[in-house]
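Contents: one structure, followed by commentary.
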Amino acid sequence: MKDYLVRGIVESKNCRVFACTTKQLLEVARQKHDLWPTASATLGRFMSATFMLAAMNKNHEKMTVTMNGGGNIGTIMACTNSDGKIKAFVGNPHVHYTYEDTGKLGVGLAVGNQGTLQVIKDMGLKEPFVGTVPIQTGEIGEDFSYYFMVSEQIPSVVSLGVLVDTTNEILSSGGFIIQLLPEASDEDISYIEEKMRNFPAVSALLNEGYTPEEILQMIFEDVKILDSQDLFFECDCSKEKMKNALMTVGKDEIQAMIDEDHGCEMTCQFCNSKYSFSEDELKELLESIQ
């Protein structure tokens, strides 16, 4: 199954819905970053939530989502232009925890809950929109649900999941979001709460072959799918961008690279691509600055 996202509406229950599968792109990220299982689960949940958050935007604005709860995994960051492409990383890819009582991957332990979740939306205005909320559990889903409630005043159900094989390969990744519309009644809320009470794990459903549409139909028989979007892990880094970044470190630092190392190598944090600059290239760069 290819990675994609669907957006829909349930008129009878006064809510809008989103669902996605992100298995393939998470496998790409796992290989690029050498993610251990809990780091894979963390980044997979985070990217799925970011994709669905981006799908709520009408103007395809650039979005950067960052989370740091003080845990060993460090900073988690994802960037997308709402075009189905995402780049993302975790500070420490070599993190692996499991919960003793369930044996499940301990995302909350890796992330921690002493920090913030921040969403920056660049809508082309003078100042970007910035929404910041304290992390609740570090499990990602609950934290995005809290963000929607506090920062955007939209009651939301956020279900995210990742399954990782014993070989570290990704078996499934994805999730769904249900958001109440202003017209929602107490009956609509009760219906959703009852449906969610014993609903299967979304990672298990995806692993069994259920599509995002079928998962939404398990909750709402009359869901109307409005559109879909293919999803990819794709970085927009380049040697030219790395060169521009080099120019910001200062003339003394560049001169030191020439004198001591006779060149330098830079690594993109989003995709681990490496870019080498020879001594001559650094000299040219230094001359352009001066």
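Naming works like this for the structure tokens: A, B, ... for the chains as they're shown, residue 1 at the start of each chain, ligands 1 onward in shown order.
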
Give me, as JSON lines, each residue of region 80-177 of chain A that comes within 12 Å of region 192-197 of chain A, together with its shortest interatomic pair and the distance in Å at one decimal, counting only C-alpha atoms, with rows ordered by chain and rising residue number.
```
{"residue": "A:Pro155", "atom": "CA", "partner": "A:Ile192", "partner_atom": "CA", "distance": 11.5}
{"residue": "A:Ser156", "atom": "CA", "partner": "A:Ile192", "partner_atom": "CA", "distance": 10.4}
{"residue": "A:Val157", "atom": "CA", "partner": "A:Met196", "partner_atom": "CA", "distance": 8.7}
{"residue": "A:Val158", "atom": "CA", "partner": "A:Met196", "partner_atom": "CA", "distance": 10.5}
{"residue": "A:Ser159", "atom": "CA", "partner": "A:Met196", "partner_atom": "CA", "distance": 9.6}
{"residue": "A:Phe176", "atom": "CA", "partner": "A:Met196", "partner_atom": "CA", "distance": 11.7}
{"residue": "A:Ile177", "atom": "CA", "partner": "A:Met196", "partner_atom": "CA", "distance": 11.6}
```

DSSP-assigned alpha helix (DSSP H) members of region 170-256 of chain A, reported as an MDAnalysis selection string
chainID A and resid 186:197 202:207 212:219 239:246 251:256

Take the residues that were just selected and, keeping C-alpha atoms, output them as a PDB file, in the first residue's frame.
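New file part-v8.pdb:
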```pdb
ATOM      1  CA  ASP A 186     -23.965  15.865  23.015  1.00  0.00           C
ATOM      2  CA  GLU A 187     -25.263  12.856  21.081  1.00  0.00           C
ATOM      3  CA  ASP A 188     -22.507  13.242  18.491  1.00  0.00           C
ATOM      4  CA  ILE A 189     -19.888  13.389  21.235  1.00  0.00           C
ATOM      5  CA  SER A 190     -21.350  10.347  22.998  1.00  0.00           C
ATOM      6  CA  TYR A 191     -21.350   8.368  19.744  1.00  0.00           C
ATOM      7  CA  ILE A 192     -17.649   9.096  19.139  1.00  0.00           C
ATOM      8  CA  GLU A 193     -16.708   8.345  22.745  1.00  0.00           C
ATOM      9  CA  GLU A 194     -18.517   5.006  22.591  1.00  0.00           C
ATOM     10  CA  LYS A 195     -16.861   4.098  19.270  1.00  0.00           C
ATOM     11  CA  MET A 196     -13.417   4.916  20.640  1.00  0.00           C
ATOM     12  CA  ARG A 197     -13.878   2.984  23.879  1.00  0.00           C
ATOM     13  CA  VAL A 202      -4.709   1.813  14.367  1.00  0.00           C
ATOM     14  CA  SER A 203      -1.249   0.257  13.873  1.00  0.00           C
ATOM     15  CA  ALA A 204      -2.788  -3.231  14.067  1.00  0.00           C
ATOM     16  CA  LEU A 205      -5.541  -2.336  11.584  1.00  0.00           C
ATOM     17  CA  LEU A 206      -3.025  -0.940   9.082  1.00  0.00           C
ATOM     18  CA  ASN A 207      -0.829  -4.016   9.519  1.00  0.00           C
ATOM     19  CA  PRO A 212      -7.317   4.776   5.822  1.00  0.00           C
ATOM     20  CA  GLU A 213     -10.788   4.951   4.231  1.00  0.00           C
ATOM     21  CA  GLU A 214     -11.815   1.581   5.673  1.00  0.00           C
ATOM     22  CA  ILE A 215     -10.647   2.562   9.143  1.00  0.00           C
ATOM     23  CA  LEU A 216     -12.780   5.713   9.013  1.00  0.00           C
ATOM     24  CA  GLN A 217     -15.732   3.643   7.739  1.00  0.00           C
ATOM     25  CA  MET A 218     -15.380   1.376  10.795  1.00  0.00           C
ATOM     26  CA  ILE A 219     -16.164   4.451  12.904  1.00  0.00           C
ATOM     27  CA  LYS A 239      24.999  21.961  -1.656  1.00  0.00           C
ATOM     28  CA  GLU A 240      23.932  25.514  -2.403  1.00  0.00           C
ATOM     29  CA  LYS A 241      21.857  25.651   0.812  1.00  0.00           C
ATOM     30  CA  MET A 242      24.759  24.195   2.783  1.00  0.00           C
ATOM     31  CA  LYS A 243      27.018  26.837   1.238  1.00  0.00           C
ATOM     32  CA  ASN A 244      24.636  29.561   2.421  1.00  0.00           C
ATOM     33  CA  ALA A 245      24.669  28.018   5.895  1.00  0.00           C
ATOM     34  CA  LEU A 246      28.470  28.004   5.862  1.00  0.00           C
ATOM     35  CA  LYS A 251      35.154  34.376   8.435  1.00  0.00           C
ATOM     36  CA  ASP A 252      37.365  33.214  11.305  1.00  0.00           C
ATOM     37  CA  GLU A 253      35.643  29.831  11.480  1.00  0.00           C
ATOM     38  CA  ILE A 254      35.929  29.306   7.710  1.00  0.00           C
ATOM     39  CA  GLN A 255      39.626  30.302   7.819  1.00  0.00           C
ATOM     40  CA  ALA A 256      40.167  27.732  10.580  1.00  0.00           C
TER      41      ALA A 256
END
```

Which is closer to Leu125 (chain A) than all the others in A:Val249, A:Thr137, A:Lys62, A:Gly108, using only C-alpha atoms?
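Comparing A:Val249, A:Thr137, A:Lys62, A:Gly108 against Leu125 (chain A), the winner is A:Lys62.
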
In Å, rounded to a single decimal, give me how far CA of Asp230 (chain A) is from CA of His60 (chain A).
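Going from CA of His60 (chain A) over to CA of Asp230 (chain A), I get 14.6 Å.
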
Would you list, as a list in words, the residues of region 185-234 of chain A that end up in strand (DSSP E or B) under DSSP run on this structure's backbone?
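Answer for region 185-234 of chain A, restricted to strand (DSSP E or B): Lys224, Ile225, Leu226, Asp227, Ser228, Gln229, Asp230, Phe232 and Phe233 of chain A.
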
What is the distance between CA of Gly71 (chain A) and CA of Ala110 (chain A), in Å to one decimal?
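CA of Ala110 (chain A) lies at a distance of 5.2 Å from CA of Gly71 (chain A).
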
Closest atom pairs, residues of region 191-231 of chain A within 12 Å of region 83-102 of chain A, only C-alpha atoms, as a Markdown table:
```
| residue | atom | partner | partner_atom | distance |
| --- | --- | --- | --- | --- |
| A:Ser228 | CA | A:Gly84 | CA | 10.0 |
| A:Gln229 | CA | A:Gly84 | CA | 6.4 |
| A:Asp230 | CA | A:Gly84 | CA | 5.9 |
| A:Leu231 | CA | A:Gly84 | CA | 4.5 |
```

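Interatomic distance, CA of Pro134 (chain A) to CA of Ser48 (chain A): 19.9 Å.
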
Restricting the calculation to only C-alpha atoms: of A:Glu11, A:Ser273, A:Met247, A:His262, which residue gets closest to Ile289 (chain A)?
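Closest candidate: A:Met247.
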